[in-house]
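Chemist: Data: entry12.txt, compact mmCIF, C-alpha atoms.
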# COMPACT_ATOMS: atom_id res chain seq x y z
CA MET A 1 11.78 -53.91 -33.26
CA SER A 2 13.15 -50.88 -31.49
CA SER A 3 15.90 -51.31 -29.00
CA PRO A 4 15.28 -50.38 -25.36
CA ARG A 5 17.96 -47.76 -25.69
CA ALA A 6 16.15 -46.04 -28.60
CA LEU A 7 12.85 -46.11 -26.67
CA ALA A 8 14.50 -44.55 -23.62
CA LEU A 9 16.06 -41.85 -25.79
CA ALA A 10 12.72 -41.09 -27.48
CA ALA A 11 10.98 -40.93 -24.10
CA ALA A 12 13.64 -38.59 -22.72
CA LEU A 13 13.33 -36.32 -25.77
CA GLY A 14 9.54 -36.27 -25.50
CA LEU A 15 9.70 -35.46 -21.80
CA GLY A 16 12.27 -32.74 -22.47
CA LEU A 17 10.02 -31.14 -25.09
CA VAL A 18 7.03 -31.17 -22.73
CA VAL A 19 9.02 -29.59 -19.92
CA ALA A 20 10.66 -27.02 -22.21
CA SER A 21 7.35 -25.97 -23.75
CA GLY A 22 5.88 -25.26 -20.29
CA CYS A 23 8.88 -23.24 -19.11
CA ASP A 24 8.36 -20.40 -21.57
CA ASP A 25 4.84 -19.46 -20.43
CA LYS A 26 4.91 -15.67 -19.93
CA SER A 27 1.25 -15.39 -18.86
CA LYS A 28 1.98 -16.77 -15.39
CA SER A 29 4.59 -14.12 -14.58
CA ALA A 30 3.75 -11.86 -11.61
CA ALA A 31 4.98 -8.73 -13.38
CA PRO A 32 6.27 -7.96 -16.85
CA ALA A 33 10.00 -8.50 -17.20
CA ALA A 34 10.36 -5.01 -18.68
CA ASN A 35 9.32 -3.49 -15.33
CA ARG A 36 11.69 -5.59 -13.25
CA SER A 37 15.38 -5.10 -13.71
CA PRO A 38 18.11 -6.19 -11.31
CA ALA A 39 19.89 -2.90 -11.98
CA THR A 40 16.95 -0.81 -10.75
CA ALA A 41 15.81 -3.16 -7.95
CA PRO A 42 17.35 -1.07 -5.13
CA LEU A 43 15.73 2.12 -6.43
CA ASP A 44 12.38 0.36 -6.93
CA TYR A 45 12.59 -0.95 -3.37
CA LEU A 46 13.32 2.51 -1.96
CA ALA A 47 10.45 4.04 -3.93
CA VAL A 48 7.99 1.46 -2.62
CA GLN A 49 9.35 1.86 0.89
CA GLY A 50 8.84 5.65 0.67
CA GLN A 51 5.26 5.19 -0.54
CA ALA A 52 4.55 2.81 2.33
CA LYS A 53 6.00 5.26 4.85
CA ARG A 54 3.87 8.14 3.56
CA HIS A 55 0.75 5.96 3.60
CA SER A 56 1.36 4.76 7.16
CA GLU A 57 2.01 8.33 8.38
CA LYS A 58 -1.29 9.42 6.85
CA VAL A 59 -3.18 6.54 8.46
CA ILE A 60 -1.60 7.26 11.85
CA SER A 61 -2.44 10.98 11.57
CA VAL A 62 -6.08 10.25 10.73
CA ALA A 63 -6.33 7.76 13.60
CA GLN A 64 -4.81 10.29 16.00
CA VAL A 65 -7.32 12.98 14.98
CA GLN A 66 -10.25 10.55 15.12
CA GLN A 67 -9.25 9.48 18.63
CA ALA A 68 -9.05 13.11 19.75
CA ILE A 69 -12.52 13.76 18.27
CA GLN A 70 -13.94 10.77 20.15
CA GLN A 71 -12.33 11.89 23.42
CA PHE A 72 -13.65 15.42 22.92
CA GLN A 73 -17.15 14.13 22.25
CA ALA A 74 -17.06 11.87 25.32
CA MET A 75 -15.91 14.66 27.62
CA GLU A 76 -17.74 17.66 26.15
CA GLU A 77 -20.87 15.77 24.99
CA ARG A 78 -20.67 17.41 21.57
CA LEU A 79 -18.47 17.35 18.51
CA PRO A 80 -15.74 19.96 18.08
CA LYS A 81 -16.53 22.86 15.75
CA SER A 82 -13.12 22.53 14.10
CA LEU A 83 -9.87 20.64 14.45
CA ASP A 84 -8.35 23.77 15.96
CA GLU A 85 -10.77 23.42 18.87
CA LEU A 86 -9.15 20.07 19.64
CA VAL A 87 -5.84 21.88 20.02
CA ALA A 88 -7.34 24.76 22.04
CA GLN A 89 -8.97 22.30 24.45
CA HIS A 90 -5.72 20.23 24.69
CA TYR A 91 -7.06 17.06 23.05
CA LEU A 92 -4.28 17.43 20.48
CA GLY A 93 -0.91 19.12 20.85
CA SER A 94 -1.23 20.34 17.27
CA VAL A 95 -3.15 19.31 14.19
CA PRO A 96 -0.92 16.73 12.45
CA VAL A 97 0.18 17.40 8.89
CA PRO A 98 -1.11 14.53 6.69
CA GLY A 99 1.50 14.89 3.96
CA ARG A 100 2.71 17.13 1.18
CA GLY A 101 -0.15 18.34 -0.99
CA GLN A 102 -2.81 17.01 1.37
CA LYS A 103 -5.03 18.37 4.13
CA PHE A 104 -7.60 17.18 6.60
CA LEU A 105 -11.26 17.63 5.75
CA TYR A 106 -13.34 17.69 8.93
CA ASN A 107 -17.15 17.56 9.00
CA PRO A 108 -18.40 19.03 12.31
CA ARG A 109 -21.92 17.66 11.75
CA ASP A 110 -20.91 14.01 11.99
CA GLY A 111 -17.34 14.20 13.30
CA SER A 112 -15.81 12.51 10.28
CA VAL A 113 -12.31 13.36 9.16
CA ARG A 114 -10.47 12.35 6.01
CA VAL A 115 -7.42 13.33 4.02
CA VAL A 116 -7.94 15.08 0.69
CA ALA A 117 -5.72 16.78 -1.85
CA ALA A 118 -4.98 20.37 -0.92
CA PRO A 119 -6.04 22.99 -3.45
Go ahead and render the structure in this file as structure tokens.
Modeler:
Amino acid sequence: MSSPRALALAAALGLGLVVASGCDDKSKSAAPAANRSPATAPLDYLAVQGQAKRHSEKVISVAQVQQAIQQFQAMEERLPKSLDELVAQHYLGSVPVPGRGQKFLYNPRDGSVRVVAAP
């Protein structure tokens, strides 16, 4: 018969193997380890922060122009012919700049505005 001490040791080894085999599962990782380095973490953070800032500025600019279009339509009972008309009629101080390499695309037929890549 096996001693209780040998059974406890075998159980501990078995449990250790089960735990150790589950700890090396790479498929559950959120991102590949090659893309995440502690040395580049501050630079990665700043890059993501810059992207978020540019995106939020674009969203705010579009919302500002859309609000001016809605105000113009409510007061003038028509859509503006261009975004410059919003400035001329003092609904906007100036047409906001959406970002480097981008421009506003305004459709005077339906009043929609969106940001597209500048040619």
Chemist: Which one of A:Pro38, A:Pro108, A:Pro119, A:Gly99 sits closest to A:Gln73 if you count all atoms listed in the file?
Modeler: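 Checking each candidate against A:Gln73, we get A:Pro108 as the closest.
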Chemist: Rank nothing, just name the residue among A:Val48, A:Val113, A:Ala118, A:Ala88 nearest to A:Ile69, using all atoms listed in the file.
Modeler: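 Residue with the minimum atom-to-atom distance to A:Ile69: A:Val113.
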Chemist: So how many Å separate atom CA of A:Met75 and atom CA of A:Leu92, to one decimal?
Modeler: 13.9 Å
Chemist: To one decimal place, how far is atom CA of A:Ala68 from atom CA of A:Lys53 in Å?
Modeler: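 Interatomic distance here is 22.6 Å.
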Chemist: So which one's closest to A:Val116, A:Gly50, A:Leu43, A:Ser82, A:Val62? Using only C-alpha atoms, please.
Modeler: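 The closest residue to A:Val116 is A:Val62.
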Chemist: Would you mind reading off the distance between atom CA of A:Phe72 and atom CA of A:Val95, one decimal, in Å?
Modeler: 14.2 Å
Chemist: With all atoms listed in the file as the basis for distance, which of A:Ala47, A:Ala63, A:Ala39, A:Leu79 is at the shortest distance from A:Phe104?
Modeler: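 For A:Phe104, the nearest of the candidates is A:Ala63.
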Chemist: For stretch 66-69 of chain A, I'd like the enclosing box, axis-aligned and padded by 3 Å on every side, reported as lines of an AutoDock Vina configuration file with centre and edge lengths in Å to one decimal.
Modeler:
center_x = -10.8
center_y = 11.6
center_z = 17.4
size_x = 9.5
size_y = 10.3
size_z = 10.6
